[in-house]
$ cat entry_14.pdb   # PDB, C-alpha atoms and all ligand atoms
ATOM      1  CA  MET A   1     178.411  72.425 147.812
ATOM      2  CA  LYS A   2     180.721  73.650 145.049
ATOM      3  CA  PHE A   3     178.615  71.670 142.599
ATOM      4  CA  ARG A   4     175.360  73.287 143.836
ATOM      5  CA  LYS A   5     176.838  76.788 143.504
ATOM      6  CA  GLY A   6     177.953  76.016 139.945
ATOM      7  CA  PHE A   7     174.530  74.693 139.131
ATOM      8  CA  VAL A   8     172.832  77.854 140.456
ATOM      9  CA  VAL A   9     175.189  80.057 138.398
ATOM     10  CA  LEU A  10     174.467  78.007 135.289
ATOM     11  CA  LEU A  11     170.710  78.275 135.873
ATOM     12  CA  SER A  12     170.842  82.047 136.310
ATOM     13  CA  VAL A  13     172.887  82.405 133.093
ATOM     14  CA  LEU A  14     170.306  80.298 131.268
ATOM     15  CA  PHE A  15     167.417  82.367 132.690
ATOM     16  CA  ALA A  16     169.154  85.619 131.803
ATOM     17  CA  PHE A  17     169.711  84.353 128.275
ATOM     18  CA  ALA A  18     166.071  83.245 127.952
ATOM     19  CA  ALA A  19     164.860  86.607 129.286
ATOM     20  CA  GLU A  20     167.054  88.418 126.757
ATOM     21  CA  ALA A  21     165.862  86.238 123.885
ATOM     22  CA  ALA A  22     162.140  86.547 124.675
ATOM     23  CA  PRO A  23     160.430  89.417 122.814
ATOM     24  CA  SER A  24     159.386  92.281 125.045
ATOM     25  CA  ARG A  25     156.353  92.883 122.802
ATOM     26  CA  VAL A  26     154.181  90.558 120.759
ATOM     27  CA  LEU A  27     151.961  92.481 118.331
ATOM     28  CA  LYS A  28     148.885  91.362 116.406
ATOM     29  CA  LEU A  29     148.699  92.217 112.709
ATOM     30  CA  GLY A  30     145.339  91.543 111.036
ATOM     31  CA  HIS A  31     143.993  91.522 107.498
ATOM     32  CA  ALA A  32     140.815  90.279 105.832
ATOM     33  CA  VAL A  33     142.024  88.147 102.925
ATOM     34  CA  PRO A  34     143.654  84.726 102.329
ATOM     35  CA  GLU A  35     147.395  84.108 102.601
ATOM     36  CA  GLU A  36     147.693  84.055  98.798
ATOM     37  CA  ASN A  37     146.720  87.743  98.570
ATOM     38  CA  ALA A  38     149.288  90.557  98.199
ATOM     39  CA  TYR A  39     148.445  92.031 101.643
ATOM     40  CA  HIS A  40     149.785  88.866 103.218
ATOM     41  CA  TYR A  41     153.090  89.112 101.317
ATOM     42  CA  GLY A  42     153.357  92.719 102.490
ATOM     43  CA  ALA A  43     152.526  91.718 106.061
ATOM     44  CA  LEU A  44     155.214  89.003 106.083
ATOM     45  CA  LYS A  45     157.775  91.499 104.764
ATOM     46  CA  PHE A  46     156.833  93.983 107.524
ATOM     47  CA  LYS A  47     157.098  91.241 110.167
ATOM     48  CA  GLU A  48     160.504  90.116 108.865
ATOM     49  CA  LEU A  49     161.929  93.653 108.814
ATOM     50  CA  VAL A  50     160.645  94.746 112.235
ATOM     51  CA  GLU A  51     161.689  91.496 113.912
ATOM     52  CA  SER A  52     165.192  91.556 112.415
ATOM     53  CA  GLU A  53     165.756  95.291 113.053
ATOM     54  CA  THR A  54     164.686  94.934 116.706
ATOM     55  CA  LYS A  55     166.704  91.686 117.007
ATOM     56  CA  GLY A  56     163.569  89.807 117.909
ATOM     57  CA  ASP A  57     162.586  92.145 120.744
ATOM     58  CA  ILE A  58     159.342  92.951 118.900
ATOM     59  CA  GLN A  59     157.481  89.947 117.531
ATOM     60  CA  ILE A  60     154.675  90.374 115.014
ATOM     61  CA  ASP A  61     152.046  87.650 114.656
ATOM     62  CA  VAL A  62     150.112  87.818 111.379
ATOM     63  CA  PHE A  63     146.393  86.900 111.391
ATOM     64  CA  PRO A  64     144.970  86.583 107.836
ATOM     65  CA  ASN A  65     141.406  85.802 106.728
ATOM     66  CA  ASN A  66     139.436  87.977 109.144
ATOM     67  CA  GLN A  67     140.742  86.109 112.197
ATOM     68  CA  LEU A  68     140.762  89.416 114.112
ATOM     69  CA  GLY A  69     137.332  90.658 112.978
ATOM     70  CA  THR A  70     134.412  90.042 110.625
ATOM     71  CA  GLY A  71     135.775  92.387 107.967
ATOM     72  CA  GLU A  72     137.954  95.439 107.501
ATOM     73  CA  ARG A  73     135.766  97.885 109.466
ATOM     74  CA  ASP A  74     135.808  95.530 112.411
ATOM     75  CA  ILE A  75     139.597  95.092 112.276
ATOM     76  CA  ILE A  76     140.138  98.877 112.071
ATOM     77  CA  GLU A  77     137.828  99.338 115.075
ATOM     78  CA  GLY A  78     140.111  96.843 116.822
ATOM     79  CA  LEU A  79     142.971  99.349 116.402
ATOM     80  CA  GLN A  80     140.922 101.898 118.324
ATOM     81  CA  LEU A  81     139.854  99.402 120.976
ATOM     82  CA  GLY A  82     143.371  98.039 121.495
ATOM     83  CA  THR A  83     142.510  94.484 120.377
ATOM     84  CA  VAL A  84     144.483  94.818 117.109
ATOM     85  CA  ASP A  85     147.918  96.476 116.787
ATOM     86  CA  ILE A  86     148.513  96.651 113.040
ATOM     87  CA  TYR A  87     146.145  96.623 110.038
ATOM     88  CA  PHE A  88     146.922  95.831 106.425
ATOM     89  CA  GLY A  89     143.902  96.517 104.228
ATOM     90  CA  SER A  90     141.799  98.706 102.017
ATOM     91  CA  THR A  91     140.524 102.200 102.748
ATOM     92  CA  GLY A  92     136.981 101.034 101.881
ATOM     93  CA  PRO A  93     135.534 101.560 105.382
ATOM     94  CA  MET A  94     137.764 104.555 106.267
ATOM     95  CA  GLY A  95     135.171 107.192 105.283
ATOM     96  CA  GLY A  96     133.221 106.028 108.352
ATOM     97  CA  PHE A  97     136.208 106.898 110.583
ATOM     98  CA  GLU A  98     137.352 110.096 108.844
ATOM     99  CA  LYS A  99     135.049 111.680 106.259
ATOM    100  CA  LYS A 100     137.897 113.029 104.117
ATOM    101  CA  PHE A 101     138.789 109.485 103.094
ATOM    102  CA  LEU A 102     135.657 109.564 100.915
ATOM    103  CA  LEU A 103     137.815 111.637  98.581
ATOM    104  CA  PHE A 104     139.361 108.466  97.166
ATOM    105  CA  ASP A 105     136.028 106.669  96.760
ATOM    106  CA  PHE A 106     134.672 108.709  93.853
ATOM    107  CA  PRO A 107     134.115 106.623  90.722
ATOM    108  CA  PHE A 108     136.569 106.834  87.841
ATOM    109  CA  LEU A 109     138.775 109.265  89.770
ATOM    110  CA  PHE A 110     142.107 107.603  88.998
ATOM    111  CA  ARG A 111     143.138 106.653  85.477
ATOM    112  CA  ASP A 112     146.108 104.368  86.173
ATOM    113  CA  LYS A 113     148.667 103.454  88.843
ATOM    114  CA  LYS A 114     151.011 106.294  87.884
ATOM    115  CA  HIS A 115     148.159 108.681  88.604
ATOM    116  CA  VAL A 116     147.321 106.863  91.859
ATOM    117  CA  TYR A 117     150.824 107.101  93.300
ATOM    118  CA  GLU A 118     151.425 110.680  92.224
ATOM    119  CA  VAL A 119     148.470 111.498  94.498
ATOM    120  CA  LEU A 120     148.923 109.002  97.346
ATOM    121  CA  ASP A 121     152.700 109.486  97.641
ATOM    122  CA  GLY A 122     152.295 113.254  97.304
ATOM    123  CA  GLU A 123     150.890 116.048  99.462
ATOM    124  CA  ILE A 124     147.253 114.894  99.230
ATOM    125  CA  GLY A 125     148.087 111.363 100.399
ATOM    126  CA  LYS A 126     150.178 112.745 103.270
ATOM    127  CA  TYR A 127     147.421 115.157 104.311
ATOM    128  CA  VAL A 128     144.621 112.558 104.328
ATOM    129  CA  MET A 129     146.750 109.954 106.125
ATOM    130  CA  GLY A 130     147.672 112.532 108.800
ATOM    131  CA  LEU A 131     144.003 113.088 109.647
ATOM    132  CA  LEU A 132     143.853 109.635 111.235
ATOM    133  CA  ASP A 133     146.025 110.597 114.198
ATOM    134  CA  SER A 134     143.100 112.333 115.894
ATOM    135  CA  LYS A 135     141.118 109.068 115.599
ATOM    136  CA  GLY A 136     143.572 106.968 117.598
ATOM    137  CA  ILE A 137     145.089 105.444 114.449
ATOM    138  CA  HIS A 138     148.458 106.192 112.866
ATOM    139  CA  GLY A 139     148.996 105.716 109.118
ATOM    140  CA  LEU A 140     152.367 104.311 108.087
ATOM    141  CA  ALA A 141     152.195 103.715 104.324
ATOM    142  CA  TRP A 142     149.981 103.474 101.242
ATOM    143  CA  MET A 143     149.616 100.128  99.531
ATOM    144  CA  GLU A 144     147.088  98.916  96.973
ATOM    145  CA  ASN A 145     144.076  96.668  96.640
ATOM    146  CA  GLY A 146     143.687  97.549  92.950
ATOM    147  CA  PHE A 147     141.063  98.686  90.452
ATOM    148  CA  ARG A 148     137.668  97.209  91.349
ATOM    149  CA  ASN A 149     135.669  95.165  88.831
ATOM    150  CA  LEU A 150     132.156  93.739  88.878
ATOM    151  CA  THR A 151     131.401  90.013  89.046
ATOM    152  CA  ASN A 152     127.962  88.399  88.998
ATOM    153  CA  ALA A 153     126.273  85.050  88.542
ATOM    154  CA  LYS A 154     123.482  86.158  86.198
ATOM    155  CA  ARG A 155     124.746  87.682  82.933
ATOM    156  CA  ALA A 156     127.620  89.193  80.987
ATOM    157  CA  VAL A 157     127.927  92.935  81.545
ATOM    158  CA  ASN A 158     128.701  95.062  78.504
ATOM    159  CA  SER A 159     126.696  98.205  79.173
ATOM    160  CA  PRO A 160     124.966  99.977  82.088
ATOM    161  CA  ASP A 161     121.672  98.332  81.014
ATOM    162  CA  ASP A 162     123.141  94.937  81.912
ATOM    163  CA  VAL A 163     123.660  95.833  85.578
ATOM    164  CA  LYS A 164     120.120  97.088  86.183
ATOM    165  CA  GLY A 165     118.326  95.081  88.864
ATOM    166  CA  LEU A 166     121.391  93.173  90.073
ATOM    167  CA  LYS A 167     121.856  92.834  93.819
ATOM    168  CA  VAL A 168     125.519  93.559  94.406
ATOM    169  CA  ARG A 169     127.527  93.414  97.618
ATOM    170  CA  THR A 170     129.522  96.606  98.187
ATOM    171  CA  MET A 171     131.873  97.640 100.928
ATOM    172  CA  GLU A 172     130.370  99.652 103.776
ATOM    173  CA  ASN A 173     130.984 102.826 101.801
ATOM    174  CA  LYS A 174     128.265 105.337 100.940
ATOM    175  CA  VAL A 175     129.974 106.754  97.833
ATOM    176  CA  HIS A 176     130.379 103.280  96.327
ATOM    177  CA  MET A 177     126.761 102.476  97.180
ATOM    178  CA  ALA A 178     125.547 105.693  95.544
ATOM    179  CA  MET A 179     127.472 104.874  92.371
ATOM    180  CA  TRP A 180     125.712 101.533  92.017
ATOM    181  CA  ARG A 181     122.339 103.064  92.870
ATOM    182  CA  VAL A 182     122.568 105.560  89.977
ATOM    183  CA  LEU A 183     123.228 102.591  87.691
ATOM    184  CA  GLY A 184     120.043 100.844  88.842
ATOM    185  CA  VAL A 185     121.832  98.257  91.003
ATOM    186  CA  ASP A 186     120.630  97.275  94.479
ATOM    187  CA  PRO A 187     123.826  97.840  96.531
ATOM    188  CA  THR A 188     124.083  95.607  99.577
ATOM    189  CA  PRO A 189     126.879  96.481 102.052
ATOM    190  CA  MET A 190     128.241  93.442 103.839
ATOM    191  CA  ALA A 191     131.334  92.428 105.834
ATOM    192  CA  TRP A 192     133.821  90.547 103.635
ATOM    193  CA  SER A 193     133.696  87.377 105.745
ATOM    194  CA  GLU A 194     130.033  86.881 104.751
ATOM    195  CA  VAL A 195     130.373  87.467 101.008
ATOM    196  CA  PHE A 196     131.376  84.029  99.674
ATOM    197  CA  THR A 197     128.467  82.280 101.402
ATOM    198  CA  ALA A 198     126.008  84.978 100.319
ATOM    199  CA  LEU A 199     127.136  84.518  96.695
ATOM    200  CA  GLN A 200     126.959  80.746  97.030
ATOM    201  CA  GLN A 201     123.454  80.854  98.485
ATOM    202  CA  GLY A 202     122.302  83.423  95.930
ATOM    203  CA  THR A 203     121.210  86.016  98.496
ATOM    204  CA  ILE A 204     123.248  88.449  96.378
ATOM    205  CA  ASP A 205     123.964  88.238  92.626
ATOM    206  CA  GLY A 206     127.385  89.792  92.551
ATOM    207  CA  GLN A 207     130.150  91.752  94.190
ATOM    208  CA  GLU A 208     132.955  94.024  93.079
ATOM    209  CA  ASN A 209     136.666  93.729  93.837
ATOM    210  CA  PRO A 210     140.095  93.831  92.206
ATOM    211  CA  VAL A 211     141.245  90.812  90.183
ATOM    212  CA  PRO A 212     143.723  89.576  92.871
ATOM    213  CA  VAL A 213     140.890  89.389  95.446
ATOM    214  CA  ILE A 214     138.518  87.699  92.987
ATOM    215  CA  TYR A 215     141.113  85.016  92.262
ATOM    216  CA  THR A 216     142.660  84.447  95.699
ATOM    217  CA  SER A 217     139.221  84.333  97.357
ATOM    218  CA  LYS A 218     138.130  81.760  94.727
ATOM    219  CA  LEU A 219     135.061  83.757  93.665
ATOM    220  CA  TYR A 220     135.182  81.927  90.316
ATOM    221  CA  GLU A 221     133.569  79.003  92.172
ATOM    222  CA  VAL A 222     130.401  81.072  92.708
ATOM    223  CA  GLN A 223     130.495  83.756  89.968
ATOM    224  CA  LYS A 224     130.385  83.179  86.210
ATOM    225  CA  HIS A 225     130.830  86.715  84.836
ATOM    226  CA  LEU A 226     133.575  89.249  85.357
ATOM    227  CA  ALA A 227     133.299  92.701  83.747
ATOM    228  CA  LEU A 228     136.494  94.772  83.783
ATOM    229  CA  THR A 229     134.730  97.938  84.913
ATOM    230  CA  ARG A 230     137.678  99.436  86.860
ATOM    231  CA  HIS A 231     135.042 101.753  88.342
ATOM    232  CA  VAL A 232     137.048 102.767  91.383
ATOM    233  CA  PHE A 233     140.641 102.386  92.520
ATOM    234  CA  SER A 234     140.824 100.812  95.955
ATOM    235  CA  PRO A 235     143.819 102.147  97.922
ATOM    236  CA  ALA A 236     145.118 100.162 100.869
ATOM    237  CA  MET A 237     147.113 101.146 103.942
ATOM    238  CA  ILE A 238     149.353  99.975 106.715
ATOM    239  CA  LEU A 239     147.874 101.331 109.945
ATOM    240  CA  VAL A 240     149.003 101.008 113.525
ATOM    241  CA  ALA A 241     147.194 101.742 116.807
ATOM    242  CA  LYS A 242     148.320 105.238 117.796
ATOM    243  CA  PRO A 243     148.878 104.546 121.516
ATOM    244  CA  LEU A 244     151.141 101.675 120.523
ATOM    245  CA  PHE A 245     153.095 103.790 118.034
ATOM    246  CA  ASP A 246     153.442 106.625 120.573
ATOM    247  CA  SER A 247     154.793 104.192 123.148
ATOM    248  CA  LEU A 248     157.741 103.247 120.899
ATOM    249  CA  SER A 249     161.117 104.971 121.232
ATOM    250  CA  PRO A 250     161.994 107.362 118.341
ATOM    251  CA  GLU A 251     164.447 104.741 116.980
ATOM    252  CA  ARG A 252     161.743 102.070 116.975
ATOM    253  CA  GLN A 253     159.242 104.433 115.355
ATOM    254  CA  LYS A 254     161.802 104.878 112.566
ATOM    255  CA  ILE A 255     162.138 101.101 112.245
ATOM    256  CA  PHE A 256     158.336 100.825 111.864
ATOM    257  CA  GLU A 257     158.200 103.635 109.291
ATOM    258  CA  LYS A 258     161.051 102.241 107.218
ATOM    259  CA  ALA A 259     159.712  98.682 107.377
ATOM    260  CA  ALA A 260     156.223  99.879 106.389
ATOM    261  CA  LEU A 261     157.532 101.736 103.334
ATOM    262  CA  GLU A 262     159.519  98.728 102.204
ATOM    263  CA  ALA A 263     156.620  96.336 102.852
ATOM    264  CA  ALA A 264     154.223  98.645 100.981
ATOM    265  CA  LEU A 265     156.464  98.789  97.916
ATOM    266  CA  HIS A 266     156.747  95.011  97.997
ATOM    267  CA  GLU A 267     152.959  94.655  98.331
ATOM    268  CA  ARG A 268     152.330  97.089  95.443
ATOM    269  CA  ALA A 269     154.632  95.115  93.131
ATOM    270  CA  VAL A 270     153.084  91.754  94.070
ATOM    271  CA  CYS A 271     149.544  93.115  93.705
ATOM    272  CA  ASP A 272     150.261  94.733  90.344
ATOM    273  CA  LYS A 273     151.681  91.479  88.965
ATOM    274  CA  MET A 274     148.662  89.562  90.279
ATOM    275  CA  GLU A 275     146.305  92.070  88.661
ATOM    276  CA  ASN A 276     147.799  91.147  85.280
ATOM    277  CA  ASP A 277     148.521  87.443  85.766
ATOM    278  CA  PHE A 278     145.222  86.449  87.368
ATOM    279  CA  ILE A 279     143.048  87.531  84.420
ATOM    280  CA  ASP A 280     144.227  84.399  82.617
ATOM    281  CA  SER A 281     143.912  82.280  85.750
ATOM    282  CA  LEU A 282     140.279  83.417  86.102
ATOM    283  CA  LYS A 283     139.556  82.492  82.465
ATOM    284  CA  LYS A 284     141.112  79.081  83.043
ATOM    285  CA  SER A 285     138.941  78.701  86.135
ATOM    286  CA  GLY A 286     135.822  79.120  84.016
ATOM    287  CA  MET A 287     134.941  82.813  84.297
ATOM    288  CA  GLU A 288     133.701  84.697  81.251
ATOM    289  CA  ILE A 289     135.336  88.084  81.059
ATOM    290  CA  SER A 290     133.943  91.164  79.316
ATOM    291  CA  THR A 291     135.589  94.542  78.693
ATOM    292  CA  PRO A 292     132.719  97.032  78.526
ATOM    293  CA  ASN A 293     132.976 100.504  77.045
ATOM    294  CA  LEU A 294     133.365 102.528  80.238
ATOM    295  CA  ALA A 295     132.192 105.902  78.874
ATOM    296  CA  PRO A 296     128.472 105.405  79.652
ATOM    297  CA  PHE A 297     129.318 104.122  83.153
ATOM    298  CA  GLN A 298     131.462 107.210  83.721
ATOM    299  CA  GLU A 299     128.767 109.500  82.374
ATOM    300  CA  ALA A 300     126.108 108.018  84.687
ATOM    301  CA  SER A 301     128.298 108.125  87.778
ATOM    302  CA  ARG A 302     128.977 111.895  87.468
ATOM    303  CA  LYS A 303     125.878 112.427  89.603
ATOM    304  CA  VAL A 304     127.773 110.922  92.524
ATOM    305  CA  TYR A 305     130.257 113.805  92.411
ATOM    306  CA  ASP A 306     127.395 116.315  92.794
ATOM    307  CA  GLU A 307     125.826 114.270  95.574
ATOM    308  CA  PHE A 308     128.949 113.874  97.744
ATOM    309  CA  ARG A 309     131.170 116.866  96.982
ATOM    310  CA  GLY A 310     129.500 118.689  99.907
ATOM    311  CA  GLU A 311     130.674 116.041 102.392
ATOM    312  CA  LEU A 312     134.278 117.039 101.748
ATOM    313  CA  GLY A 313     133.760 120.698 102.716
ATOM    314  CA  ASP A 314     136.708 122.898 101.666
ATOM    315  CA  ASP A 315     138.588 119.807 100.543
ATOM    316  CA  ALA A 316     136.186 119.247  97.653
ATOM    317  CA  LYS A 317     138.703 121.240  95.602
ATOM    318  CA  LEU A 318     141.102 118.311  96.015
ATOM    319  CA  LEU A 319     138.828 116.311  93.701
ATOM    320  CA  GLU A 320     139.634 118.672  90.821
ATOM    321  CA  GLN A 321     143.307 118.651  91.818
ATOM    322  CA  ILE A 322     143.344 114.842  91.658
ATOM    323  CA  LEU A 323     141.477 114.711  88.346
ATOM    324  CA  ALA A 324     143.961 117.171  86.823
ATOM    325  CA  SER A 325     147.088 115.353  88.053
ATOM    326  CA  GLY A 326     149.015 112.330  86.843
ATOM    327  CA  LYS A 327     148.992 113.292  83.166
TER     328      LYS A 327
HETATM  329  O1  LIG B 401     135.703  94.173  99.341
HETATM  330  C1  LIG B 401     136.366  94.285 100.383
HETATM  331  O2  LIG B 401     135.860  94.285 101.517
HETATM  332  C2  LIG B 401     137.886  94.498 100.242
HETATM  333  O3  LIG B 401     138.199  94.874  98.957
HETATM  334  C3  LIG B 401     138.691  93.263 100.651
HETATM  335  C4  LIG B 401     138.316  92.045  99.860
HETATM  336  C5  LIG B 401     138.494  92.946 102.131
HETATM  337  C6  LIG B 401     140.197  93.527 100.406
HETATM  338  O4  LIG B 401     140.643  94.725 100.931
END

$ encode --input "entry_14.pdb" --output "structure tokens" --more "lines below"
Ligand code: PAF
Amino acid sequence: MKFRKGFVVLLSVLFAFAAEAAPSRVLKLGHAVPEENAYHYGALKFKELVESETKGDIQIDVFPNNQLGTGERDIIEGLQLGTVDIYFGSTGPMGGFEKKFLLFDFPFLFRDKKHVYEVLDGEIGKYVMGLLDSKGIHGLAWMENGFRNLTNAKRAVNSPDDVKGLKVRTMENKVHMAMWRVLGVDPTPMAWSEVFTALQQGTIDGQENPVPVIYTSKLYEVQKHLALTRHVFSPAMILVAKPLFDSLSPERQKIFEKAALEAALHERAVCDKMENDFIDSLKKSGMEISTPNLAPFQEASRKVYDEFRGELGDDAKLLEQILASGK
């Protein structure tokens, strides 16, 4: 009898311990790129910080490579639908959720990373990020995807004439598409998960992305030419589903905010290093790299400013503010 009582006590202690150790929340974090990409390093940092600060009570499971959707738009929609909790990725599709995000999609807007972060970490970045709250999404931090460059399988690109007639995959972003259209390119928006196969099968000639994406997604296997066009800077963000964020206690919200800032800084540093290091890796992998004079590309893409300024309403003045900053 004594033995049975002891056994019951032991069992209840074990159950209590197990209950305490089990996380009360398991969250899904999704991104669209392979584990070698900087987003993944950022995501792992965020996971580590949140899990250790909550002593394991919140667990974050990281799903790379479009496991939670066909591409970034799909994953962001998941935040609104409640099927995804946290997103690490570019702002490419964000203009479709909140028009003011188009502000960052204008060609040749940012000169360098110093310029980028003066804007994103400043008032403009805070303002644009804050607009997401009314869309059921909460922005936690700005990260980077990098300056986008053109790759294609047909020819070296040294001038705007060389891009004429190419069929190029773009993100689902109307400002980006317009930029390529004025250059005589046939822009073809497509979810990221479909791009490698489309390049391999030749249904498109090229695509455009930052160097870290081109290398970690092994595009050198299906693309011969890389032109360092740096035609648009691609910001990235850490986003969380707003109902989830609102359900956290103020202390836990702080943990999320602090972890996101730290993870974003980590991601930025990793991405920046990759942007430099992977140029050589791409050469070694057989890509031919050109550095075109960007002035004629810039000149041609001015038309895009006239075409889309109106979409920003009163905030079109922010374009001039951005262009004038970071000097
Ligand atoms: O081209 C895209 O869709 C994005 O740049 C990518 C590769 C998903 C990274 O954010």

$ closest_atom_pairs --input "entry_14.pdb" --of "range 89-194 of chain A" --to "range 30-44 of chain A" --cutoff "10 Å" --atoms "all atoms listed in the file" --output "tab-separated table"
residue	atom	partner	partner_atom	distance
A:Gly89	CA	A:His31	CA	6.0
A:Ser90	CA	A:His31	CA	9.3
A:Met143	CA	A:Tyr39	CA	8.4
A:Glu144	CA	A:Tyr39	CA	8.4
A:Asn145	CA	A:Tyr39	CA	8.1
A:Ala191	CA	A:Ala32	CA	9.7
A:Trp192	CA	A:Ala32	CA	7.3
A:Ser193	CA	A:Ala32	CA	7.7

$ write_last_selection --input "entry_14.pdb" --atoms "C-alpha atoms" --output "short mmCIF file (atom, residue, chain, number, x, y, z; two decimals), in the coordinates of the input"
data_model
loop_
_atom_site.label_atom_id
_atom_site.label_comp_id
_atom_site.auth_asym_id
_atom_site.auth_seq_id
_atom_site.Cartn_x
_atom_site.Cartn_y
_atom_site.Cartn_z
CA GLY A 89 143.90 96.52 104.23
CA SER A 90 141.80 98.71 102.02
CA MET A 143 149.62 100.13 99.53
CA GLU A 144 147.09 98.92 96.97
CA ASN A 145 144.08 96.67 96.64
CA ALA A 191 131.33 92.43 105.83
CA TRP A 192 133.82 90.55 103.64
CA SER A 193 133.70 87.38 105.74
#

$ residues_near_ligand --input "entry_14.pdb" --ligand "ligand LIG 401 (chain B)" --cutoff "10 Å" --atoms "all atoms listed in the file" --output "NGL selection string"
:A and (31-34 or 37-39 or 65-66 or 70-73 or 88-93 or 144-148 or 169-173 or 189-195 or 207-210 or 212-214 or 216-217 or 234-237)

$ residues_near_point --input "entry_14.pdb" --point "(135.5, 83.8, 85.4)" --cutoff "10 Å" --atoms "all atoms listed in the file" --output "MDAnalysis selection string"
chainID A and resid 151:153 214:215 218:227 279:290

$ residues_around --input "entry_14.pdb" --residues "Asn158 in chain A" --least-positions-apart "4" --cutoff "10 Å" --atoms "all atoms listed in the file" --output "mmCIF file with C-alpha atoms, in the frame of the given file"
data_model
loop_
_atom_site.group_PDB
_atom_site.id
_atom_site.type_symbol
_atom_site.label_atom_id
_atom_site.label_comp_id
_atom_site.auth_asym_id
_atom_site.auth_seq_id
_atom_site.Cartn_x
_atom_site.Cartn_y
_atom_site.Cartn_z
ATOM 1 C CA ASP A 162 123.141 94.937 81.912
ATOM 2 C CA VAL A 163 123.660 95.833 85.578
ATOM 3 C CA ALA A 227 133.299 92.701 83.747
ATOM 4 C CA LEU A 228 136.494 94.772 83.783
ATOM 5 C CA THR A 229 134.730 97.938 84.913
ATOM 6 C CA ILE A 289 135.336 88.084 81.059
ATOM 7 C CA SER A 290 133.943 91.164 79.316
ATOM 8 C CA THR A 291 135.589 94.542 78.693
ATOM 9 C CA PRO A 292 132.719 97.032 78.526
ATOM 10 C CA ASN A 293 132.976 100.504 77.045
ATOM 11 C CA LEU A 294 133.365 102.528 80.238
#

$ residues_around --input "entry_14.pdb" --residues "Glu299 in chain A" --least-positions-apart "3" --cutoff "12 Å" --atoms "all atoms listed in the file" --output "PDB file with C-alpha atoms, in the frame of the given file"
ATOM      1  CA  PRO A 107     134.115 106.623  90.722  1.00  0.00           C
ATOM      2  CA  PHE A 108     136.569 106.834  87.841  1.00  0.00           C
ATOM      3  CA  SER A 159     126.696  98.205  79.173  1.00  0.00           C
ATOM      4  CA  PRO A 160     124.966  99.977  82.088  1.00  0.00           C
ATOM      5  CA  MET A 179     127.472 104.874  92.371  1.00  0.00           C
ATOM      6  CA  VAL A 182     122.568 105.560  89.977  1.00  0.00           C
ATOM      7  CA  LEU A 183     123.228 102.591  87.691  1.00  0.00           C
ATOM      8  CA  HIS A 231     135.042 101.753  88.342  1.00  0.00           C
ATOM      9  CA  ASN A 293     132.976 100.504  77.045  1.00  0.00           C
ATOM     10  CA  LEU A 294     133.365 102.528  80.238  1.00  0.00           C
ATOM     11  CA  ALA A 295     132.192 105.902  78.874  1.00  0.00           C
ATOM     12  CA  PRO A 296     128.472 105.405  79.652  1.00  0.00           C
ATOM     13  CA  ARG A 302     128.977 111.895  87.468  1.00  0.00           C
ATOM     14  CA  LYS A 303     125.878 112.427  89.603  1.00  0.00           C
ATOM     15  CA  VAL A 304     127.773 110.922  92.524  1.00  0.00           C
ATOM     16  CA  TYR A 305     130.257 113.805  92.411  1.00  0.00           C
TER      17      TYR A 305
END

$ resolve_selection --input "entry_14.pdb" --expression "the PyMOL selection byres (((chain A and resi 113) around 10) and not hetatm)" --output "JSON, numbers by chain"
{"A": [110, 111, 112, 114, 115, 116, 117, 118, 119, 144, 146, 147, 233, 268, 272, 326]}

$ atom_distance --input "entry_14.pdb" --atom1 "CA of Ile76 in chain A" --atom2 "CA of Leu319 in chain A"
25.4 Å

$ closest_residue --input "entry_14.pdb" --among "A:Asp105, A:Glu51, A:Asp85, A:Glu307" --to "Gly136 in chain A" --atoms "all atoms listed in the file"
A:Asp85

$ atom_distance --input "entry_14.pdb" --atom1 "CA of Gln321 in chain A" --atom2 "CA of Ser301 in chain A"
18.8 Å
